[in-house]
$ cat query_23.csv   # CSV, C-alpha atoms
chain,number,residue,atom,x,y,z
A,1,MET,CA,-1.2,24.4,-5.9
A,2,ILE,CA,-4.3,22.4,-6.8
A,3,GLY,CA,-5.5,19.9,-4.2
A,4,THR,CA,-7.8,16.9,-4.4
A,5,LYS,CA,-10.8,16.1,-2.3
A,6,ILE,CA,-13.2,13.1,-2.3
A,7,ARG,CA,-16.6,14.6,-2.7
A,8,SER,CA,-18.7,11.4,-2.3
A,9,ILE,CA,-18.4,7.6,-1.9
A,10,ALA,CA,-21.0,4.9,-2.5
A,11,VAL,CA,-20.7,1.1,-2.1
A,12,GLU,CA,-22.9,-1.6,-3.6
A,13,TYR,CA,-22.7,-5.2,-2.4
A,14,GLY,CA,-24.1,-8.3,-4.1
A,15,SER,CA,-27.5,-9.0,-2.8
A,16,ASP,CA,-26.9,-12.7,-2.0
A,17,ARG,CA,-25.6,-12.9,1.6
A,18,ARG,CA,-24.0,-16.2,2.6
A,19,ASP,CA,-22.7,-17.3,6.0
A,20,ASN,CA,-20.7,-20.5,6.6
A,21,ASP,CA,-23.9,-22.5,7.3
A,22,TRP,CA,-25.0,-21.8,3.7
A,23,TYR,CA,-22.0,-23.8,2.4
A,24,ARG,CA,-22.5,-26.5,5.0
A,25,ARG,CA,-26.0,-27.0,3.7
A,26,ASN,CA,-25.5,-26.6,0.0
A,27,HIS,CA,-21.9,-27.9,-0.6
A,28,PRO,CA,-21.2,-30.6,2.0
A,29,GLU,CA,-19.0,-32.5,-0.5
A,30,ALA,CA,-16.8,-29.5,-1.0
A,31,LEU,CA,-16.6,-28.9,2.7
A,32,ALA,CA,-15.6,-32.5,3.3
A,33,ALA,CA,-12.8,-32.3,0.8
A,34,ALA,CA,-11.8,-28.7,1.6
A,35,GLU,CA,-8.3,-29.5,2.8
A,36,GLU,CA,-7.5,-30.9,-0.6
A,37,ARG,CA,-8.9,-28.0,-2.6
A,38,GLY,CA,-7.7,-24.5,-3.7
A,39,LEU,CA,-8.1,-22.4,-0.5
A,40,ALA,CA,-6.3,-24.9,1.7
A,41,LYS,CA,-3.6,-25.6,-0.9
A,42,ALA,CA,-2.9,-21.9,-1.2
A,43,PHE,CA,-3.0,-21.1,2.5
A,44,SER,CA,-1.4,-23.7,4.7
A,45,THR,CA,1.9,-23.8,6.6
A,46,ARG,CA,3.3,-26.6,4.4
A,47,GLY,CA,6.9,-25.8,3.5
A,48,SER,CA,7.2,-23.0,6.1
A,49,ASP,CA,10.7,-21.6,6.4
A,50,ALA,CA,12.5,-18.5,7.5
A,51,ARG,CA,11.3,-16.5,4.5
A,52,SER,CA,7.6,-17.2,5.0
A,53,ALA,CA,7.7,-17.3,8.8
A,54,GLY,CA,6.2,-13.8,9.3
A,55,PHE,CA,3.2,-14.7,7.2
A,56,ASP,CA,2.8,-18.3,8.5
A,57,GLU,CA,2.9,-17.4,12.1
A,58,VAL,CA,-0.2,-15.3,12.0
A,59,MET,CA,-1.9,-17.7,9.6
A,60,ALA,CA,-1.3,-20.8,11.7
A,61,ARG,CA,-4.4,-20.4,14.0
A,62,TYR,CA,-6.7,-20.4,10.9
A,63,THR,CA,-5.5,-23.5,9.2
A,64,THR,CA,-7.9,-25.8,11.0
A,65,ASP,CA,-10.8,-23.8,9.7
A,66,PRO,CA,-12.0,-24.9,6.2
A,67,PHE,CA,-13.2,-21.3,5.7
A,68,ARG,CA,-9.9,-19.8,6.7
A,69,GLY,CA,-11.6,-17.3,9.0
A,70,ALA,CA,-14.3,-16.1,6.6
A,71,ARG,CA,-17.8,-15.8,8.2
A,72,VAL,CA,-20.0,-13.8,5.8
A,73,ARG,CA,-19.7,-12.9,2.2
A,74,TYR,CA,-21.9,-11.2,-0.4
A,75,LYS,CA,-22.4,-12.7,-3.9
A,76,LEU,CA,-24.1,-11.4,-7.1
A,77,GLY,CA,-27.9,-11.9,-6.7
A,78,PRO,CA,-30.6,-12.5,-9.3
A,79,GLY,CA,-30.3,-9.9,-12.1
A,80,GLN,CA,-27.0,-8.5,-10.8
A,81,THR,CA,-23.9,-8.4,-13.0
A,82,CYS,CA,-20.4,-6.9,-12.5
A,83,LEU,CA,-21.4,-3.9,-14.7
A,84,SER,CA,-24.8,-3.4,-12.9
A,85,LEU,CA,-23.1,-3.4,-9.5
A,86,GLU,CA,-20.6,-0.7,-10.8
A,87,LEU,CA,-23.3,1.3,-12.5
A,88,THR,CA,-25.4,1.4,-9.3
A,89,ALA,CA,-22.4,2.5,-7.2
A,90,ALA,CA,-21.5,5.1,-9.8
A,91,ARG,CA,-25.0,6.6,-10.0
A,92,ASN,CA,-25.2,6.7,-6.2
A,93,ALA,CA,-21.8,8.5,-5.9
A,94,LEU,CA,-22.8,11.1,-8.5
A,95,GLU,CA,-26.1,11.7,-6.8
A,96,ALA,CA,-24.4,12.0,-3.4
A,97,ALA,CA,-22.0,14.6,-5.0
A,98,GLY,CA,-24.9,16.5,-6.5
A,99,ARG,CA,-23.5,15.9,-10.0
A,100,THR,CA,-24.8,14.5,-13.3
A,101,ASP,CA,-21.5,14.4,-15.1
A,102,VAL,CA,-17.7,14.4,-14.6
A,103,ASP,CA,-14.6,15.2,-16.7
A,104,CYS,CA,-13.1,11.7,-16.6
A,105,ILE,CA,-13.9,8.2,-15.5
A,106,LEU,CA,-11.3,5.8,-14.1
A,107,CYS,CA,-12.6,2.2,-13.9
A,108,ALA,CA,-11.0,-0.9,-12.3
A,109,SER,CA,-12.8,-4.2,-12.5
A,110,TRP,CA,-11.8,-7.7,-11.3
A,111,LEU,CA,-12.8,-8.9,-13.8
A,112,PRO,CA,-14.6,-6.8,-16.5
A,113,GLU,CA,-18.1,-7.8,-17.7
A,114,ASP,CA,-16.7,-9.6,-20.7
A,115,PHE,CA,-13.7,-10.9,-18.8
A,116,VAL,CA,-11.2,-9.5,-21.3
A,117,ALA,CA,-11.0,-6.3,-23.3
A,118,PRO,CA,-12.7,-3.9,-23.4
A,119,GLY,CA,-12.9,-3.0,-19.8
A,120,ASN,CA,-16.0,-1.6,-18.2
A,121,GLY,CA,-15.1,2.0,-18.5
A,122,VAL,CA,-16.7,2.6,-21.9
A,123,PHE,CA,-19.9,0.8,-20.9
A,124,LEU,CA,-20.2,2.9,-17.8
A,125,ALA,CA,-19.7,6.0,-19.9
A,126,ARG,CA,-22.4,4.9,-22.3
A,127,ALA,CA,-24.9,4.1,-19.5
A,128,LEU,CA,-24.2,7.5,-17.8
A,129,GLU,CA,-24.6,9.3,-21.1
A,130,THR,CA,-21.3,11.2,-20.8
A,131,ARG,CA,-18.7,12.2,-23.3
A,132,ALA,CA,-16.0,12.0,-20.7
A,133,PRO,CA,-13.0,9.8,-21.5
A,134,ALA,CA,-13.1,6.5,-19.7
A,135,PHE,CA,-9.9,4.7,-18.8
A,136,ASN,CA,-9.4,1.2,-17.3
A,137,VAL,CA,-6.9,0.5,-14.6
A,138,GLU,CA,-5.5,-2.9,-13.6
A,139,THR,CA,-3.1,-3.9,-10.9
A,140,ALA,CA,-5.2,-6.6,-9.2
A,141,CYS,CA,-6.1,-5.9,-5.6
A,142,SER,CA,-4.2,-2.7,-5.6
A,143,SER,CA,-6.1,-1.3,-8.6
A,144,GLY,CA,-8.3,0.8,-6.3
A,145,LEU,CA,-5.3,2.5,-4.7
A,146,ALA,CA,-3.8,3.0,-8.2
A,147,ALA,CA,-7.0,4.6,-9.5
A,148,LEU,CA,-7.1,7.0,-6.6
A,149,GLU,CA,-3.4,7.9,-7.2
A,150,LEU,CA,-4.0,8.4,-10.9
A,151,ALA,CA,-7.1,10.6,-10.2
A,152,GLU,CA,-5.1,12.7,-7.8
A,153,GLY,CA,-2.4,13.2,-10.3
A,154,LEU,CA,-4.7,14.2,-13.1
A,155,LEU,CA,-6.5,16.7,-10.8
A,156,SER,CA,-3.4,18.1,-9.3
A,157,VAL,CA,-2.0,19.2,-12.7
A,158,GLY,CA,-5.2,20.8,-13.8
A,159,ARG,CA,-6.0,18.3,-16.6
A,160,TYR,CA,-9.5,17.7,-15.2
A,161,ARG,CA,-11.6,19.2,-12.5
A,162,SER,CA,-13.6,16.1,-11.6
A,163,VAL,CA,-13.0,12.4,-11.8
A,164,LEU,CA,-15.3,9.5,-11.2
A,165,VAL,CA,-13.5,6.4,-9.9
A,166,VAL,CA,-15.4,3.1,-10.2
A,167,LEU,CA,-14.1,-0.1,-8.7
A,168,SER,CA,-15.5,-3.7,-8.5
A,169,ASN,CA,-14.6,-7.2,-7.4
A,170,THR,CA,-16.7,-10.1,-8.6
A,171,VAL,CA,-14.7,-13.2,-7.9
A,172,SER,CA,-17.8,-15.4,-7.9
A,173,ARG,CA,-17.8,-15.2,-11.7
A,174,GLN,CA,-14.5,-17.1,-11.9
A,175,ALA,CA,-14.7,-19.4,-8.9
A,176,ASP,CA,-18.0,-21.2,-8.4
A,177,ASP,CA,-19.5,-22.2,-5.1
A,178,ALA,CA,-17.7,-25.6,-5.0
A,179,ASN,CA,-14.3,-23.8,-5.6
A,180,THR,CA,-13.1,-23.1,-2.1
A,181,LEU,CA,-11.2,-20.1,-3.3
A,182,SER,CA,-14.5,-18.3,-3.7
A,183,TRP,CA,-15.4,-18.8,0.0
A,184,ILE,CA,-13.3,-15.9,1.2
A,185,SER,CA,-14.5,-13.2,-1.2
A,186,SER,CA,-17.4,-10.9,-1.7
A,187,ASP,CA,-18.8,-9.3,-4.8
A,188,VAL,CA,-18.9,-5.5,-4.4
A,189,ALA,CA,-18.5,-2.3,-6.3
A,190,ALA,CA,-17.5,1.1,-5.0
A,191,ALA,CA,-17.4,4.6,-6.6
A,192,ALA,CA,-16.2,8.0,-5.6
A,193,VAL,CA,-16.3,11.5,-7.1
A,194,LEU,CA,-13.0,13.3,-6.7
A,195,GLU,CA,-12.7,17.0,-7.3
A,196,ALA,CA,-10.0,19.6,-7.6
A,197,THR,CA,-9.9,22.0,-4.6
A,198,GLU,CA,-7.9,25.1,-3.7
A,199,ALA,CA,-8.0,23.9,-0.1
A,200,PRO,CA,-5.3,21.5,1.2
A,201,SER,CA,-5.4,18.2,-0.5
A,202,TRP,CA,-6.9,15.2,1.2
A,203,ILE,CA,-4.2,12.9,-0.3
A,204,LEU,CA,-1.0,13.8,1.5
A,205,ALA,CA,1.3,11.0,0.1
A,206,SER,CA,1.2,7.7,-1.7
A,207,GLY,CA,3.6,5.0,-3.0
A,208,MET,CA,3.5,1.7,-4.7
A,209,GLU,CA,5.8,-1.2,-5.8
A,210,ASN,CA,5.3,-4.3,-7.9
A,211,THR,CA,4.8,-7.8,-6.4
A,212,SER,CA,6.2,-9.6,-9.4
A,213,ALA,CA,7.6,-12.3,-7.1
A,214,THR,CA,4.1,-13.7,-6.7
A,215,ALA,CA,3.5,-14.2,-10.5
A,216,GLY,CA,2.1,-17.6,-11.1
A,217,VAL,CA,0.6,-18.1,-7.6
A,218,PHE,CA,-2.9,-18.0,-9.0
A,219,LEU,CA,-3.8,-19.1,-12.6
A,220,HIS,CA,-6.5,-17.5,-14.6
A,221,GLU,CA,-7.6,-19.5,-17.6
A,222,LEU,CA,-10.1,-18.9,-20.3
A,223,ARG,CA,-12.5,-21.9,-20.3
A,224,ASP,CA,-16.1,-22.9,-19.8
A,225,GLY,CA,-17.2,-19.5,-21.2
A,226,GLY,CA,-15.2,-17.4,-18.8
A,227,VAL,CA,-12.0,-16.9,-16.8
A,228,ARG,CA,-11.5,-19.6,-14.2
A,229,MET,CA,-9.2,-19.4,-11.2
A,230,SER,CA,-7.0,-22.0,-9.7
A,231,VAL,CA,-3.8,-22.3,-7.6
A,232,GLY,CA,-0.6,-22.5,-9.6
A,233,PRO,CA,2.0,-25.3,-9.3
A,234,THR,CA,4.1,-23.3,-6.8
A,235,GLY,CA,1.2,-23.0,-4.4
A,236,ALA,CA,1.1,-19.8,-2.3
A,237,LYS,CA,4.7,-20.1,-1.0
A,238,PRO,CA,6.0,-17.1,-3.1
A,239,LEU,CA,3.1,-15.0,-1.8
A,240,ARG,CA,3.8,-16.1,1.8
A,241,ASP,CA,7.5,-15.3,1.3
A,242,THR,CA,7.0,-11.8,0.0
A,243,SER,CA,3.6,-10.5,1.3
A,244,GLY,CA,4.6,-10.7,5.0
A,245,PRO,CA,5.3,-7.9,7.4
A,246,ASP,CA,8.5,-6.6,5.7
A,247,LEU,CA,6.5,-5.4,2.7
A,248,VAL,CA,3.9,-3.7,4.8
A,249,ARG,CA,6.5,-2.1,7.0
A,250,ARG,CA,8.6,-0.8,4.1
A,251,LEU,CA,5.8,0.7,2.1
A,252,CYS,CA,3.8,2.2,5.0
A,253,HIS,CA,6.8,3.8,6.6
A,254,ALA,CA,8.0,5.2,3.2
A,255,VAL,CA,4.6,6.9,2.7
A,256,LEU,CA,4.4,8.1,6.3
A,257,GLU,CA,7.9,9.7,5.8
A,258,ARG,CA,6.8,11.2,2.5
A,259,GLY,CA,3.8,12.7,4.3
A,260,ASP,CA,5.9,13.9,7.3
A,261,ALA,CA,3.9,11.7,9.7
A,262,ARG,CA,4.5,8.9,12.1
A,263,VAL,CA,2.5,5.9,13.2
A,264,ASP,CA,1.7,7.7,16.4
A,265,ASP,CA,0.0,10.4,14.5
A,266,LEU,CA,-2.5,8.0,12.8
A,267,ASP,CA,-6.2,7.9,13.8
A,268,PHE,CA,-7.2,5.2,11.3
A,269,PHE,CA,-5.4,2.3,9.6
A,270,GLY,CA,-7.4,0.6,6.8
A,271,CYS,CA,-5.3,-2.3,5.6
A,272,SER,CA,-6.2,-4.7,2.9
A,273,THR,CA,-7.9,-7.8,4.4
A,274,PRO,CA,-7.8,-10.4,1.6
A,275,LEU,CA,-7.3,-12.9,4.4
A,276,ALA,CA,-8.6,-13.2,8.0
A,277,TRP,CA,-5.1,-12.7,9.5
A,278,TYR,CA,-3.9,-9.9,7.3
A,279,ALA,CA,-5.1,-7.0,9.5
A,280,GLU,CA,-3.2,-8.4,12.4
A,281,LEU,CA,-0.1,-9.0,10.3
A,282,SER,CA,-0.3,-5.4,9.0
A,283,ARG,CA,-0.9,-3.9,12.4
A,284,THR,CA,2.1,-5.6,14.0
A,285,ALA,CA,4.3,-4.8,11.0
A,286,ILE,CA,4.0,-1.1,11.7
A,287,ASP,CA,3.3,-1.4,15.4
A,288,ALA,CA,0.0,0.4,15.2
A,289,PRO,CA,-2.4,0.4,18.2
A,290,ALA,CA,-5.2,-2.1,17.8
A,291,GLU,CA,-7.9,0.6,18.3
A,292,ILE,CA,-7.1,2.4,15.0
A,293,VAL,CA,-7.1,-0.7,12.9
A,294,HIS,CA,-10.2,-1.2,10.6
A,295,ASP,CA,-10.6,-4.9,9.9
A,296,LEU,CA,-13.5,-5.6,7.5
A,297,PHE,CA,-12.8,-9.3,7.0
A,298,PRO,CA,-15.2,-10.7,9.7
A,299,ARG,CA,-18.1,-8.7,8.2
A,300,VAL,CA,-17.5,-8.9,4.4
A,301,ALA,CA,-14.5,-11.1,3.8
A,302,ASN,CA,-12.2,-10.1,0.9
A,303,VAL,CA,-13.6,-7.3,-1.2
A,304,GLY,CA,-10.6,-7.1,-3.4
A,305,LEU,CA,-9.6,-4.0,-5.3
A,306,PRO,CA,-12.4,-1.7,-4.0
A,307,PHE,CA,-10.8,-1.9,-0.5
A,308,PRO,CA,-9.7,1.7,-0.2
A,309,LEU,CA,-13.1,3.2,-1.0
A,310,VAL,CA,-14.9,0.5,1.0
A,311,HIS,CA,-12.7,1.2,4.0
A,312,LEU,CA,-13.2,5.0,3.8
A,313,HIS,CA,-17.0,4.6,3.4
A,314,HIS,CA,-17.3,2.2,6.4
A,315,GLY,CA,-15.0,4.3,8.5
A,316,LEU,CA,-16.8,7.6,7.8
A,317,ARG,CA,-20.3,6.2,8.1
A,318,GLU,CA,-19.6,4.4,11.3
A,319,GLN,CA,-17.6,7.4,12.7
A,320,ARG,CA,-14.4,5.3,13.1
A,321,LEU,CA,-12.9,8.1,10.9
A,322,ALA,CA,-13.8,11.7,11.3
A,323,PRO,CA,-13.1,14.8,9.1
A,324,GLY,CA,-9.6,16.0,10.0
A,325,ASP,CA,-8.4,12.6,11.1
A,326,LEU,CA,-5.2,11.1,9.7
A,327,ALA,CA,-5.8,7.9,7.8
A,328,LEU,CA,-3.3,5.4,6.3
A,329,LEU,CA,-4.5,2.9,3.7
A,330,TYR,CA,-2.5,-0.2,2.6
A,331,THR,CA,-3.3,-2.6,-0.2
A,332,VAL,CA,-1.5,-5.7,-1.6
A,333,GLY,CA,-2.2,-7.8,-4.7
A,334,SER,CA,-0.8,-11.0,-6.1
A,335,ALA,CA,1.3,-10.6,-9.3
A,336,SER,CA,0.5,-6.9,-9.4
A,337,SER,CA,1.4,-4.2,-6.9
A,338,ALA,CA,1.3,-3.2,-3.2
A,339,GLY,CA,0.7,0.4,-2.1
A,340,ALA,CA,0.0,2.8,0.7
A,341,MET,CA,-1.7,6.2,0.8
A,342,LEU,CA,-1.9,8.8,3.6
A,343,LEU,CA,-5.0,10.9,3.7
A,344,ARG,CA,-6.6,13.6,5.8
A,345,PRO,CA,-10.3,13.5,4.8
A,346,GLY,CA,-12.7,16.4,5.1
A,347,ALA,CA,-16.5,16.3,4.9
A,348,CYS,CA,-17.7,13.7,2.4
A,349,SER,CA,-21.2,12.8,1.2
A,350,LEU,CA,-21.9,9.1,1.5
A,351,GLY,CA,-24.2,7.0,-0.7
A,352,PRO,CA,-25.5,3.6,0.2
A,353,GLY,CA,-23.2,1.0,1.8
A,354,LEU,CA,-23.5,-2.4,3.6
A,355,PRO,CA,-27.0,-3.8,3.6
A,356,ALA,CA,-28.7,-3.8,7.0
$ encode --input "query_23.csv" --output "structure tokens"
Amino acid sequence: MIGTKIRSIAVEYGSDRRDNDWYRRNHPEALAAAEERGLAKAFSTRGSDARSAGFDEVMARYTTDPFRGARVRYKLGPGQTCLSLELTAARNALEAAGRTDVDCILCASWLPEDFVAPGNGVFLARALETRAPAFNVETACSSGLAALELAEGLLSVGRYRSVLVVLSNTVSRQADDANTLSWISSDVAAAAVLEATEAPSWILASGMENTSATAGVFLHELRDGGVRMSVGPTGAKPLRDTSGPDLVRRLCHAVLERGDARVDDLDFFGCSTPLAWYAELSRTAIDAPAEIVHDLFPRVANVGLPFPLVHLHHGLREQRLAPGDLALLYTVGSASSAGAMLLRPGACSLGPGLPA
């Protein structure tokens, strides 16, 4: 049976680092009106009821903070674009893997360089001077997990021997500095080289389900030369109703069972942190010990769909995750999918990551 290993991972952040004082200095008017704008409209306890209680209870202590718990985020700097961020991460991952080419490229971008079709895959292929097929993947903030699952499937059946996965999140391109929805997100790209192996597969089990109940929570409209994001008329109530602990518990336990493992066996839990309180929500949902939870939000805010690779990179580089450890990853996206993946990583070459 053909297994899958992750040969290398690299991460590239936007070069413009912003703390909360940056917004206080540069956008005092937005800060003064923050409770009437998108972020507060999306994430408040208004209309709380039994369905949203699990989400609202952990959110409540953040609702007096206009930044909703975000402290630091990284934005595209001068000369950086979505595609340049991806290309840097891709080249660094290839170099770390000792490769100049792969058999296939899977790319997931929120959002692609030109906002709509074609996706970035073909442009990466051209820049890397490869003839490898380049496919684009999209299921919002779970696109990274989906790309890893697809890569594992392609490798396990012998269709390819190597796959380059490239992921990016550049929300600043659709929500400007005065749009408070941009205050909780970083611009970041991550890339990994996955290879077929005759050794036991790193990926032990995975599973996903759609989050169609959240369709319409956020609106994405073509205007002003790009895609602009706003909160839909329903507010975030459908998201709060359906993205609470029940979803985390159901998916994580299903994947653990599929991988013949239990929460007590885990050494590392890397859960999506699109919001400051989501790590705690996810931890309590599966009753995981606090010491195994990897919460990136205080350091980089929401990094969107690259979460799985960013978690693994940080965990391995900082020795929170060691070769042979058992890791569970969980991701959730609005109007897309939620998913979980159980892995037992081996040795992995690491390219650049978070700036010093």
$ closest_atom_pairs --input "query_23.csv" --of "region 141-253 of chain A" --to "region 301-316 of chain A" --cutoff "7 Å" --atoms "all atoms listed in the file" --output "JSON lines"
{"residue": "A:Cys141", "atom": "CA", "partner": "A:Leu305", "partner_atom": "CA", "distance": 4.0}
{"residue": "A:Ser142", "atom": "CA", "partner": "A:Leu305", "partner_atom": "CA", "distance": 5.6}
{"residue": "A:Ser143", "atom": "CA", "partner": "A:Leu305", "partner_atom": "CA", "distance": 5.5}
{"residue": "A:Gly144", "atom": "CA", "partner": "A:Leu305", "partner_atom": "CA", "distance": 5.1}
{"residue": "A:Leu145", "atom": "CA", "partner": "A:Pro308", "partner_atom": "CA", "distance": 6.3}
{"residue": "A:Leu167", "atom": "CA", "partner": "A:Pro306", "partner_atom": "CA", "distance": 5.2}
{"residue": "A:Ser168", "atom": "CA", "partner": "A:Pro306", "partner_atom": "CA", "distance": 5.8}
{"residue": "A:Asn169", "atom": "CA", "partner": "A:Gly304", "partner_atom": "CA", "distance": 5.7}
{"residue": "A:Ile184", "atom": "CA", "partner": "A:Ala301", "partner_atom": "CA", "distance": 5.6}
{"residue": "A:Ser185", "atom": "CA", "partner": "A:Asn302", "partner_atom": "CA", "distance": 4.4}
{"residue": "A:Ser186", "atom": "CA", "partner": "A:Val303", "partner_atom": "CA", "distance": 5.3}
{"residue": "A:Asp187", "atom": "CA", "partner": "A:Val303", "partner_atom": "CA", "distance": 6.6}
{"residue": "A:Val188", "atom": "CA", "partner": "A:Val303", "partner_atom": "CA", "distance": 6.4}
{"residue": "A:Ala189", "atom": "CA", "partner": "A:Pro306", "partner_atom": "CA", "distance": 6.5}
{"residue": "A:Ala190", "atom": "CA", "partner": "A:Pro306", "partner_atom": "CA", "distance": 5.9}
$ residues_around --input "query_23.csv" --residues "His220 (chain A)" --least-positions-apart "2" --cutoff "6 Å" --atoms "only C-alpha atoms" --output "CSV table (one decimal) with C-alpha atoms, in the frame of the given file"
chain,number,residue,atom,x,y,z
A,227,VAL,CA,-12.0,-16.9,-16.8
A,228,ARG,CA,-11.5,-19.6,-14.2
A,229,MET,CA,-9.2,-19.4,-11.2
$ residues_around --input "query_23.csv" --residues "Met341 (chain A)" --least-positions-apart "4" --cutoff "6 Å" --atoms "only C-alpha atoms" --output "number ranges by chain"
A: 205-206, 328-329
$ atom_distance --input "query_23.csv" --atom1 "CA of Asp246 (chain A)" --atom2 "CA of Tyr330 (chain A)"
13.1 Å
$ closest_residue --input "query_23.csv" --among "A:Tyr13, A:Trp22, A:Phe55, A:Tyr74" --to "Thr242 (chain A)" --atoms "all atoms listed in the file"
A:Phe55
$ atom_distance --input "query_23.csv" --atom1 "CA of Gly339 (chain A)" --atom2 "CA of Asn210 (chain A)"
8.8 Å
$ closest_residue --input "query_23.csv" --among "A:Gly207, A:Pro298, A:Gly259, A:Gly77" --to "Trp277 (chain A)" --atoms "only C-alpha atoms"
A:Pro298
$ residues_around --input "query_23.csv" --residues "Val163 (chain A)" --least-positions-apart "3" --cutoff "10 Å" --atoms "only C-alpha atoms" --output "VMD selection string"
chain A and resid 6 101 to 106 132 134 148 150 to 152 154 to 155 160 166 192 to 196
$ residues_near_point --input "query_23.csv" --point "(-8.7, -3.7, -12.6)" --cutoff "7 Å" --atoms "all atoms listed in the file" --output "PyMOL selection string"
chain A and resi 108-111+136-140+143
$ residues_around --input "query_23.csv" --residues "Glu12 (chain A)" --least-positions-apart "5" --cutoff "8 Å" --atoms "only C-alpha atoms" --output "PyMOL selection string"
chain A and resi 85-86+88-89+188-190+352-354
$ decode --input "query_23.csv" --residues "region 115-140 of chain A" --atoms "C-alpha atoms" --output "PDB file, in the first residue's frame"
ATOM      1  CA  PHE A 115     -10.238  37.491  -7.813  1.00  0.00           C
ATOM      2  CA  VAL A 116     -12.125  35.199 -10.219  1.00  0.00           C
ATOM      3  CA  ALA A 117     -11.111  32.491 -12.701  1.00  0.00           C
ATOM      4  CA  PRO A 118      -8.515  31.401 -13.496  1.00  0.00           C
ATOM      5  CA  GLY A 119      -7.115  30.471 -10.130  1.00  0.00           C
ATOM      6  CA  ASN A 120      -3.462  30.879  -9.258  1.00  0.00           C
ATOM      7  CA  GLY A 121      -2.422  27.292 -10.074  1.00  0.00           C
ATOM      8  CA  VAL A 122      -1.575  27.937 -13.721  1.00  0.00           C
ATOM      9  CA  PHE A 123       0.402  31.100 -12.879  1.00  0.00           C
ATOM     10  CA  LEU A 124       2.428  29.206 -10.292  1.00  0.00           C
ATOM     11  CA  ALA A 125       3.135  26.494 -12.856  1.00  0.00           C
ATOM     12  CA  ARG A 126       4.334  29.086 -15.362  1.00  0.00           C
ATOM     13  CA  ALA A 127       6.575  30.823 -12.815  1.00  0.00           C
ATOM     14  CA  LEU A 128       8.021  27.484 -11.661  1.00  0.00           C
ATOM     15  CA  GLU A 129       8.630  26.469 -15.294  1.00  0.00           C
ATOM     16  CA  THR A 130       6.919  23.105 -14.882  1.00  0.00           C
ATOM     17  CA  ARG A 131       4.658  21.090 -17.155  1.00  0.00           C
ATOM     18  CA  ALA A 132       2.901  19.533 -14.145  1.00  0.00           C
ATOM     19  CA  PRO A 133      -0.903  19.851 -14.110  1.00  0.00           C
ATOM     20  CA  ALA A 134      -2.095  22.631 -11.815  1.00  0.00           C
ATOM     21  CA  PHE A 135      -5.506  22.328 -10.176  1.00  0.00           C
ATOM     22  CA  ASN A 136      -7.338  24.884  -8.023  1.00  0.00           C
ATOM     23  CA  VAL A 137      -9.256  23.895  -4.884  1.00  0.00           C
ATOM     24  CA  GLU A 138     -11.935  25.959  -3.129  1.00  0.00           C
ATOM     25  CA  THR A 139     -13.923  25.300   0.014  1.00  0.00           C
ATOM     26  CA  ALA A 140     -13.151  28.566   1.859  1.00  0.00           C
TER      27      ALA A 140
END
